[in-house]
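S.K.: Provided herewith is a single structure, encoded as structure tokens, for subsequent inquiry.
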Amino acid sequence: MYTKNLKIVYIYVKILERMEKYFREALSEAKKALEMDEIPVGAVIVWNGEIIGRGHNSTESDHNPTAHAEMNAIKEAGKYLGEKLGYRRLTGCDMYVTLEPCSMCAGALVWARIENLYIATADPKAGGCGSVLNITGEERLNHQVNVHYLPDSELKTECQEIIRNFFRKKRELQKEEKILKRISEDITL
């Protein structure tokens, strides 16, 4: 019994180590988006233990409302598997993402045939993987994605904080702009 429990603990620790490795890569992608003043979300796609797709939000810089982290990672991974093996889907691939995908991205994950989706933090306003909608688990579709959430940890907190801080700063800037606008209106009167 003791040996069996040790094996379970060992497997759990190894899974957490693997998750942390890939979530760190996704967080690195989110930081790239932050540097570009984009919403800081990052994603990586893993196939056979290798990262084959990376993405971060680039909707503003690409002038493309669909250029979400997940979509960019899917595009890169699809190109890799298409050129290497002639695949058109991402069967057997896992995605690690810093924020729960929206409904558009969740639909793309289903159509791409992603096997497992690992999410660092839920999105209670726009999540398409269980928080608002559950597209990845919709049984009427011909594929469902296994969804896993990162357990509470320092890494999860980092993924939450990068988003919170980004939007906090955006709100502060909006307040400052309103104040400056009022001041300039008062001066012109």
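Chain identifiers are assigned as A, B, and so on, following the order in which chains appear in the structure tokens; residues are numbered from 1 within each chain, and ligands are numbered from 1 in order of appearance.
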Determine, counting only C-alpha atoms, which protein, DNA and RNA residues have an atom within 10 Å of an atom of A:Asp152; residues of the same chain fewer than 4 positions away are not included. Present the result as a CSV table (one decimal) with all heavy atoms, in the first residue's frame.

M.R.:
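Below is the file that was written, selection_10.csv:
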chain,number,residue,atom,x,y,z
A,120,ALA,N,-4.3,28.1,-17.0
A,120,ALA,CA,-3.8,28.6,-15.8
A,120,ALA,C,-4.9,29.3,-14.9
A,120,ALA,O,-4.9,29.1,-13.7
A,120,ALA,CB,-2.6,29.6,-16.0
A,121,THR,N,-5.7,30.1,-15.6
A,121,THR,CA,-6.7,30.8,-14.9
A,121,THR,C,-8.0,30.9,-15.7
A,121,THR,O,-8.0,31.1,-16.9
A,121,THR,CB,-6.2,32.2,-14.4
A,121,THR,OG1,-7.1,32.9,-13.6
A,121,THR,CG2,-5.9,33.1,-15.6
A,156,LYS,N,0.2,30.0,-11.0
A,156,LYS,CA,-1.2,30.4,-11.3
A,156,LYS,C,-1.4,31.9,-10.9
A,156,LYS,O,-2.0,32.6,-11.7
A,156,LYS,CB,-2.2,29.5,-10.5
A,156,LYS,CG,-3.6,29.9,-10.8
A,156,LYS,CD,-4.5,28.9,-10.1
A,156,LYS,CE,-6.0,29.1,-10.5
A,156,LYS,NZ,-6.9,28.0,-10.1
A,157,THR,N,-0.9,32.3,-9.7
A,157,THR,CA,-1.0,33.6,-9.3
A,157,THR,C,-0.3,34.6,-10.3
A,157,THR,O,-0.8,35.7,-10.6
A,157,THR,CB,-0.4,33.8,-7.9
A,157,THR,OG1,-1.1,32.9,-7.0
A,157,THR,CG2,-0.5,35.2,-7.4

S.K.: Please extract the residues of stretch 96-177 of chain A with a backbone DSSP assignment of helix (DSSP H, G or I) and present them as number ranges by chain.

M.R.: A: 103-112, 135-137, 154-177

S.K.: Any idea what's packed within 7 Å of stretch 135-149 of chain A, counting only C-alpha atoms, ignoring anything in its chain fewer than 4 positions away? Could you give it as a ChimeraX atom specification?

M.R.: /A:103,106-107,110,113-120,128-129

S.K.: What does the file look like for those residues with all heavy atoms, as an mmCIF file, in the first residue's frame?

M.R.:
data_model
loop_
_atom_site.group_PDB
_atom_site.id
_atom_site.type_symbol
_atom_site.label_atom_id
_atom_site.label_comp_id
_atom_site.auth_asym_id
_atom_site.auth_seq_id
_atom_site.Cartn_x
_atom_site.Cartn_y
_atom_site.Cartn_z
ATOM 1 N N SER A 103 -14.800 31.960 -26.670
ATOM 2 C CA SER A 103 -15.594 31.014 -27.461
ATOM 3 C C SER A 103 -15.001 30.789 -28.858
ATOM 4 O O SER A 103 -15.024 29.666 -29.363
ATOM 5 C CB SER A 103 -17.042 31.495 -27.565
ATOM 6 O OG SER A 103 -17.095 32.785 -28.118
ATOM 7 N N ALA A 106 -12.013 28.515 -28.307
ATOM 8 C CA ALA A 106 -12.481 27.194 -27.882
ATOM 9 C C ALA A 106 -12.993 26.403 -29.083
ATOM 10 O O ALA A 106 -12.710 25.206 -29.222
ATOM 11 C CB ALA A 106 -13.567 27.333 -26.819
ATOM 12 N N GLY A 107 -13.728 27.066 -29.969
ATOM 13 C CA GLY A 107 -14.199 26.401 -31.188
ATOM 14 C C GLY A 107 -13.047 25.946 -32.060
ATOM 15 O O GLY A 107 -13.057 24.837 -32.609
ATOM 16 N N VAL A 110 -11.528 22.785 -30.700
ATOM 17 C CA VAL A 110 -12.345 21.606 -31.035
ATOM 18 C C VAL A 110 -12.069 21.194 -32.480
ATOM 19 O O VAL A 110 -11.789 20.023 -32.751
ATOM 20 C CB VAL A 110 -13.849 21.902 -30.819
ATOM 21 C CG1 VAL A 110 -14.707 20.776 -31.399
ATOM 22 C CG2 VAL A 110 -14.142 22.089 -29.333
ATOM 23 N N ARG A 113 -8.829 19.578 -33.116
ATOM 24 C CA ARG A 113 -8.732 18.278 -32.427
ATOM 25 C C ARG A 113 -7.652 18.252 -31.342
ATOM 26 O O ARG A 113 -6.994 17.238 -31.121
ATOM 27 C CB ARG A 113 -8.504 17.122 -33.393
ATOM 28 C CG ARG A 113 -9.518 16.954 -34.494
ATOM 29 C CD ARG A 113 -10.906 16.622 -33.947
ATOM 30 N NE ARG A 113 -11.815 16.144 -34.978
ATOM 31 C CZ ARG A 113 -12.578 16.923 -35.734
ATOM 32 N NH1 ARG A 113 -12.527 18.227 -35.597
ATOM 33 N NH2 ARG A 113 -13.389 16.406 -36.630
ATOM 34 N N ILE A 114 -7.471 19.373 -30.649
ATOM 35 C CA ILE A 114 -6.565 19.389 -29.494
ATOM 36 C C ILE A 114 -7.071 18.352 -28.498
ATOM 37 O O ILE A 114 -8.269 18.249 -28.243
ATOM 38 C CB ILE A 114 -6.532 20.800 -28.849
ATOM 39 C CG1 ILE A 114 -5.858 21.805 -29.782
ATOM 40 C CG2 ILE A 114 -5.863 20.779 -27.488
ATOM 41 C CD1 ILE A 114 -4.362 21.665 -29.927
ATOM 42 N N GLU A 115 -6.166 17.583 -27.940
ATOM 43 C CA GLU A 115 -6.563 16.521 -27.016
ATOM 44 C C GLU A 115 -6.792 17.051 -25.598
ATOM 45 O O GLU A 115 -7.827 16.802 -24.992
ATOM 46 C CB GLU A 115 -5.498 15.422 -26.993
ATOM 47 C CG GLU A 115 -5.936 14.194 -26.228
ATOM 48 C CD GLU A 115 -4.989 13.030 -26.438
ATOM 49 O OE1 GLU A 115 -4.390 12.929 -27.520
ATOM 50 O OE2 GLU A 115 -4.860 12.231 -25.515
ATOM 51 N N ASN A 116 -5.794 17.761 -25.068
ATOM 52 C CA ASN A 116 -5.871 18.283 -23.700
ATOM 53 C C ASN A 116 -5.599 19.775 -23.703
ATOM 54 O O ASN A 116 -4.682 20.241 -24.375
ATOM 55 C CB ASN A 116 -4.842 17.602 -22.791
ATOM 56 C CG ASN A 116 -5.155 16.144 -22.567
ATOM 57 O OD1 ASN A 116 -6.144 15.792 -21.941
ATOM 58 N ND2 ASN A 116 -4.308 15.282 -23.117
ATOM 59 N N LEU A 117 -6.382 20.490 -22.913
ATOM 60 C CA LEU A 117 -6.209 21.925 -22.737
ATOM 61 C C LEU A 117 -5.918 22.177 -21.265
ATOM 62 O O LEU A 117 -6.704 21.804 -20.400
ATOM 63 C CB LEU A 117 -7.472 22.678 -23.155
ATOM 64 C CG LEU A 117 -7.505 24.174 -22.871
ATOM 65 C CD1 LEU A 117 -6.414 24.891 -23.651
ATOM 66 C CD2 LEU A 117 -8.881 24.736 -23.205
ATOM 67 N N TYR A 118 -4.775 22.800 -20.993
ATOM 68 C CA TYR A 118 -4.367 23.127 -19.634
ATOM 69 C C TYR A 118 -4.472 24.641 -19.476
ATOM 70 O O TYR A 118 -3.834 25.389 -20.217
ATOM 71 C CB TYR A 118 -2.940 22.647 -19.370
ATOM 72 C CG TYR A 118 -2.808 21.142 -19.453
ATOM 73 C CD1 TYR A 118 -2.472 20.521 -20.649
ATOM 74 C CD2 TYR A 118 -3.050 20.350 -18.339
ATOM 75 C CE1 TYR A 118 -2.370 19.138 -20.738
ATOM 76 C CE2 TYR A 118 -2.953 18.961 -18.418
ATOM 77 C CZ TYR A 118 -2.610 18.361 -19.612
ATOM 78 O OH TYR A 118 -2.516 17.000 -19.693
ATOM 79 N N ILE A 119 -5.302 25.064 -18.533
ATOM 80 C CA ILE A 119 -5.605 26.479 -18.344
ATOM 81 C C ILE A 119 -5.052 26.938 -17.002
ATOM 82 O O ILE A 119 -5.304 26.309 -15.971
ATOM 83 C CB ILE A 119 -7.126 26.715 -18.384
ATOM 84 C CG1 ILE A 119 -7.701 26.256 -19.724
ATOM 85 C CG2 ILE A 119 -7.461 28.172 -18.097
ATOM 86 C CD1 ILE A 119 -9.220 26.222 -19.756
ATOM 87 N N ALA A 120 -4.341 28.076 -17.016
ATOM 88 C CA ALA A 120 -3.796 28.612 -15.764
ATOM 89 C C ALA A 120 -4.869 29.307 -14.941
ATOM 90 O O ALA A 120 -4.933 29.139 -13.729
ATOM 91 C CB ALA A 120 -2.638 29.567 -16.042
ATOM 92 N N GLY A 128 -14.745 30.335 -22.790
ATOM 93 C CA GLY A 128 -15.496 29.409 -23.627
ATOM 94 C C GLY A 128 -15.248 27.947 -23.306
ATOM 95 O O GLY A 128 -15.630 27.066 -24.069
ATOM 96 N N CYS A 129 -14.605 27.689 -22.151
ATOM 97 C CA CYS A 129 -14.248 26.311 -21.790
ATOM 98 C C CYS A 129 -14.833 25.919 -20.431
ATOM 99 O O CYS A 129 -14.252 25.122 -19.703
ATOM 100 C CB CYS A 129 -12.731 26.161 -21.778
ATOM 101 S SG CYS A 129 -11.954 26.619 -23.328
#

S.K.: Taking the DSSP assignment computed from this structure's backbone, write out as a PyMOL selection string all residues of chain A that belong to strand (DSSP E).

M.R.: chain A and resi 42-47+50-56+94-97+116-119+146-149

S.K.: Can you write out the residues you just picked, keeping C-alpha atoms, as an mmCIF file, in the first residue's frame?

M.R.:
data_model
loop_
_atom_site.group_PDB
_atom_site.id
_atom_site.type_symbol
_atom_site.label_atom_id
_atom_site.label_comp_id
_atom_site.auth_asym_id
_atom_site.auth_seq_id
_atom_site.Cartn_x
_atom_site.Cartn_y
_atom_site.Cartn_z
ATOM 1 C CA GLY A 42 0.190 33.342 -24.040
ATOM 2 C CA ALA A 43 -0.182 29.795 -25.313
ATOM 3 C CA VAL A 44 1.994 26.890 -26.370
ATOM 4 C CA ILE A 45 1.085 23.650 -28.133
ATOM 5 C CA VAL A 46 2.955 20.478 -27.266
ATOM 6 C CA TRP A 47 3.231 17.336 -29.393
ATOM 7 C CA GLU A 50 8.028 19.165 -27.959
ATOM 8 C CA ILE A 51 6.637 22.684 -28.261
ATOM 9 C CA ILE A 52 5.499 22.988 -31.877
ATOM 10 C CA GLY A 53 3.404 26.129 -31.637
ATOM 11 C CA ARG A 54 3.675 29.367 -29.685
ATOM 12 C CA GLY A 55 1.407 32.342 -29.613
ATOM 13 C CA HIS A 56 0.593 35.549 -27.821
ATOM 14 C CA ASP A 94 -1.945 19.592 -25.850
ATOM 15 C CA MET A 95 -2.304 23.336 -25.334
ATOM 16 C CA TYR A 96 -1.115 25.273 -22.281
ATOM 17 C CA VAL A 97 -2.630 28.743 -21.993
ATOM 18 C CA ASN A 116 -5.871 18.283 -23.700
ATOM 19 C CA LEU A 117 -6.209 21.925 -22.737
ATOM 20 C CA TYR A 118 -4.367 23.127 -19.634
ATOM 21 C CA ILE A 119 -5.605 26.479 -18.344
ATOM 22 C CA ASN A 146 -10.173 17.444 -22.069
ATOM 23 C CA VAL A 147 -9.880 20.585 -19.938
ATOM 24 C CA HIS A 148 -7.582 20.795 -16.903
ATOM 25 C CA TYR A 149 -6.983 23.769 -14.625
#
